Each structure stands twice: as structure tokens, then as C-alpha cells.
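To start, the structure itself, in C-alpha cells.
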Amino acid sequence: MAKRTKNSGLVYSTESGRICPGCGRPVGDCQCKKRQQAAVEGDGKVRISLSTKGRKGKGMTLVTGLALPPGELKALAKELKQKCGTGGTVKQGVIEIQGDRRELLKELLRDQL
Ligand SMILES: [Zn+2]
């Protein structure tokens, strides 16, 4: 019986004791998730870009590369949303702010850039 884990999408067999391709450890001792939780998806090089995909041309500003733990990332996203007066979300270490807010975000994130 193969089982698909909710978080990683990793498929493994309970019988074979497969090795995780991500970290090279037995699946039961996989470090990938832990690594993600420790969070630092970003390399500390913050980038601000505009994505128009799926937003009917309205666009959404992406802030990537922030080397922050999830809690702080969320707090920062909240602050940015408030300052931009718009909605947004955090997805896999990327802050998404609705609309083209690149100029404002550059100002707001100047200390981190
Ligand atoms: Zn792994």
C-alpha cells in the first residue's frame, strides 16, 4: 500500500523503507520537513517582483528570498498588507501582496534589501 503524505506529496511504501530523495535519509527519519519548518527557504536576498498570472492582469507583488522563520514571515506579511492597504498571503516562504505595490514594498523593505 502506497501512502501519499499530506505535506510533502512524497509517496512511499510502508514495506520497503524507502530513502527520501530530498535528504537521503530513511523516510521515517526524513529531515526535509524539519528543514522547512526551521524555515529558511530564502537565501536572505530579498526580491520583489510582479506576477500577473491568474489575476486578470491585476497583478500581485511577490516578495521572495526572505530568510525568516514562518512566524516572523507571517507577521511581516501582516504589516505589509496593512501598510499597502490591501490583501495578501504567505505561500511557501513567499509573501504575496495584491496589486502592483513594488515601489511601496521596496520602501518598506529597504532595511532588508
Ligand atoms: Zn527527506
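Identifiers in this document derive from the order of the C-alpha cells: chains are assigned A, B, ..., residues are numbered from 1 separately in each chain, and ligands are numbered from 1 in order of occurrence.
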**OP:** Quick one: everything within 10 Å of Thr86 of chain A, counting only C-alpha atoms, minus sequence neighbours fewer than 3 positions away in the same chain. Send it as an MDAnalysis selection string.
**Re:** chainID A and resid 78 80:83 97:99 101
Original post:
Got a sec to check which residues lie within 8 Å of ligand 1, using only C-alpha atoms and all ligand atoms, and send them as number ranges by chain?
Top reply: A: 19-27, 29-33
Create the file for the chosen residues now, containing C-alpha atoms and written as a PDB file, in the first residue's frame.
```pdb
ATOM      1  CA  ILE A  19      15.016   6.535   1.239  1.00  0.00           C
ATOM      2  CA  CYS A  20      13.805  10.088   0.867  1.00  0.00           C
ATOM      3  CA  PRO A  21      15.170  11.621  -2.333  1.00  0.00           C
ATOM      4  CA  GLY A  22      15.179  15.024  -0.684  1.00  0.00           C
ATOM      5  CA  CYS A  23      17.567  14.380   2.184  1.00  0.00           C
ATOM      6  CA  GLY A  24      18.839  10.850   1.559  1.00  0.00           C
ATOM      7  CA  ARG A  25      17.581   9.596   4.908  1.00  0.00           C
ATOM      8  CA  PRO A  26      15.046   6.847   5.553  1.00  0.00           C
ATOM      9  CA  VAL A  27      11.576   8.265   5.043  1.00  0.00           C
ATOM     10  CA  ASP A  29      13.639   9.960   9.623  1.00  0.00           C
ATOM     11  CA  CYS A  30      13.148  12.492   6.857  1.00  0.00           C
ATOM     12  CA  GLN A  31      14.704  15.848   7.590  1.00  0.00           C
ATOM     13  CA  CYS A  32      13.077  17.790   4.764  1.00  0.00           C
ATOM     14  CA  LYS A  33      10.046  18.852   6.740  1.00  0.00           C
TER      15      LYS A  33
END
```
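Ranking A:Leu108, A:Leu73, A:Leu50, A:Met60 by their shortest atom-to-atom distance to Val94 of chain A, with only C-alpha atoms included, puts A:Leu73 first.
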Original post:
Nearest to Gly88 of chain A among A:Glu103, A:Ala67, A:Arg110, A:Leu62, with distances taken over only C-alpha atoms: which residue is it?
Top reply: A:Leu62
**OP:** List the neighbours of Ile95 of chain A out to 9 Å using only C-alpha atoms; skip same-chain residues closer than 3 positions along the sequence, and give me the result as a list in words.
**Re:**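 Selected residues are Thr61, Leu62, Val63, Thr64, Leu66, Leu73, Lys74, Leu76, Ala77, Gly88, Thr89, Val90, Lys91 and Gln92 of chain A.
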Would you save the residues from that selection as a tab-separated table (two decimals), in the first residue's frame, using C-alpha atoms?
```tsv
chain	number	residue	atom	x	y	z
A	61	THR	CA	3.51	41.61	-5.88
A	62	LEU	CA	5.74	38.80	-4.68
A	63	VAL	CA	8.41	39.18	-2.05
A	64	THR	CA	10.80	36.25	-2.21
A	66	LEU	CA	13.17	36.47	2.92
A	73	LEU	CA	7.22	35.96	7.85
A	74	LYS	CA	3.54	35.96	8.69
A	76	LEU	CA	5.83	40.81	8.29
A	77	ALA	CA	3.20	39.96	5.70
A	88	GLY	CA	-2.15	39.21	0.67
A	89	THR	CA	-0.90	35.88	1.83
A	90	VAL	CA	2.19	33.86	2.58
A	91	LYS	CA	2.91	30.83	0.44
A	92	GLN	CA	5.96	28.65	0.85
```
**OP:** May I have all residues of segment 16-105 of chain A that DSSP, computed from the backbone, assigns to strand (DSSP E), given as a ChimeraX atom specification?
**Re:** /A:47-51,60-64,88-91,94-98
For the residues in that selection, give me N, CA and C atoms as a JSON list (two decimals), in the first residue's frame.
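Output saved as selection_8.json:
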```
[["chain", "number", "residue", "atom", "x", "y", "z"],
["A", 47, "ARG", "N", 13.88, 39.68, -3.02],
["A", 47, "ARG", "CA", 13.50, 40.14, -4.36],
["A", 47, "ARG", "C", 12.01, 40.50, -4.39],
["A", 48, "ILE", "N", 11.73, 41.56, -5.07],
["A", 48, "ILE", "CA", 10.34, 41.99, -5.21],
["A", 48, "ILE", "C", 9.97, 41.92, -6.68],
["A", 49, "SER", "N", 8.93, 41.16, -6.99],
["A", 49, "SER", "CA", 8.57, 41.02, -8.39],
["A", 49, "SER", "C", 7.06, 41.07, -8.56],
["A", 50, "LEU", "N", 6.64, 41.31, -9.77],
["A", 50, "LEU", "CA", 5.22, 41.37, -10.07],
["A", 50, "LEU", "C", 4.80, 40.10, -10.81],
["A", 51, "SER", "N", 3.72, 39.50, -10.32],
["A", 51, "SER", "CA", 3.17, 38.35, -11.01],
["A", 51, "SER", "C", 1.77, 38.70, -11.47],
["A", 60, "MET", "N", -0.01, 40.86, -8.76],
["A", 60, "MET", "CA", 0.21, 40.61, -7.35],
["A", 60, "MET", "C", 1.71, 40.69, -7.15],
["A", 61, "THR", "N", 2.09, 41.39, -6.11],
["A", 61, "THR", "CA", 3.51, 41.61, -5.88],
["A", 61, "THR", "C", 4.06, 40.51, -4.99],
["A", 62, "LEU", "N", 5.14, 39.90, -5.43],
["A", 62, "LEU", "CA", 5.74, 38.80, -4.68],
["A", 62, "LEU", "C", 7.03, 39.26, -4.02],
["A", 63, "VAL", "N", 7.16, 38.92, -2.76],
["A", 63, "VAL", "CA", 8.41, 39.18, -2.05],
["A", 63, "VAL", "C", 9.04, 37.84, -1.74],
["A", 64, "THR", "N", 10.15, 37.56, -2.38],
["A", 64, "THR", "CA", 10.80, 36.25, -2.21],
["A", 64, "THR", "C", 12.18, 36.42, -1.60],
["A", 88, "GLY", "N", -3.35, 39.94, 1.04],
["A", 88, "GLY", "CA", -2.15, 39.21, 0.67],
["A", 88, "GLY", "C", -2.08, 37.92, 1.44],
["A", 89, "THR", "N", -1.03, 37.17, 1.18],
["A", 89, "THR", "CA", -0.90, 35.88, 1.83],
["A", 89, "THR", "C", 0.57, 35.47, 1.84],
["A", 90, "VAL", "N", 0.85, 34.42, 2.58],
["A", 90, "VAL", "CA", 2.19, 33.86, 2.58],
["A", 90, "VAL", "C", 2.12, 32.44, 2.05],
["A", 91, "LYS", "N", 2.91, 32.16, 1.01],
["A", 91, "LYS", "CA", 2.91, 30.83, 0.44],
["A", 91, "LYS", "C", 4.33, 30.34, 0.28],
["A", 94, "VAL", "N", 7.02, 32.79, 0.46],
["A", 94, "VAL", "CA", 6.87, 33.96, -0.41],
["A", 94, "VAL", "C", 5.68, 34.79, 0.08],
["A", 95, "ILE", "N", 5.91, 36.08, 0.25],
["A", 95, "ILE", "CA", 4.80, 36.95, 0.61],
["A", 95, "ILE", "C", 4.16, 37.47, -0.66],
["A", 96, "GLU", "N", 2.86, 37.30, -0.76],
["A", 96, "GLU", "CA", 2.11, 37.78, -1.92],
["A", 96, "GLU", "C", 1.21, 38.93, -1.49],
["A", 97, "ILE", "N", 1.38, 40.05, -2.13],
["A", 97, "ILE", "CA", 0.56, 41.22, -1.83],
["A", 97, "ILE", "C", -0.25, 41.57, -3.07],
["A", 98, "GLN", "N", -1.54, 41.75, -2.90],
["A", 98, "GLN", "CA", -2.39, 42.01, -4.06],
["A", 98, "GLN", "C", -2.11, 43.38, -4.67]]
```
Subject >> Nearest residue to Leu104 of chain A from the set A:Val46, A:Cys84, A:Leu68, A:Ala75 (distances using only C-alpha atoms) >> reply: A:Cys84
Original post:
Could you work out how far atom CA of Leu105 of chain A lies from atom CA of Gly59 of chain A, giving the answer in Å with one decimal?
Top reply: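 It comes out at 14.3 Å.
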**OP:** Could you check how far atom CA of Leu109 of chain A sits from atom CA of Pro69 of chain A, in Å to one decimal?
**Re:**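 Pair atom CA of Leu109 of chain A / atom CA of Pro69 of chain A returns 16.5 Å.
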Original post:
By how many Å are atom CA of Gly71 of chain A and atom CA of Lys53 of chain A apart?
Top reply: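 Between atom CA of Gly71 of chain A and atom CA of Lys53 of chain A the gap is 26.8 Å.
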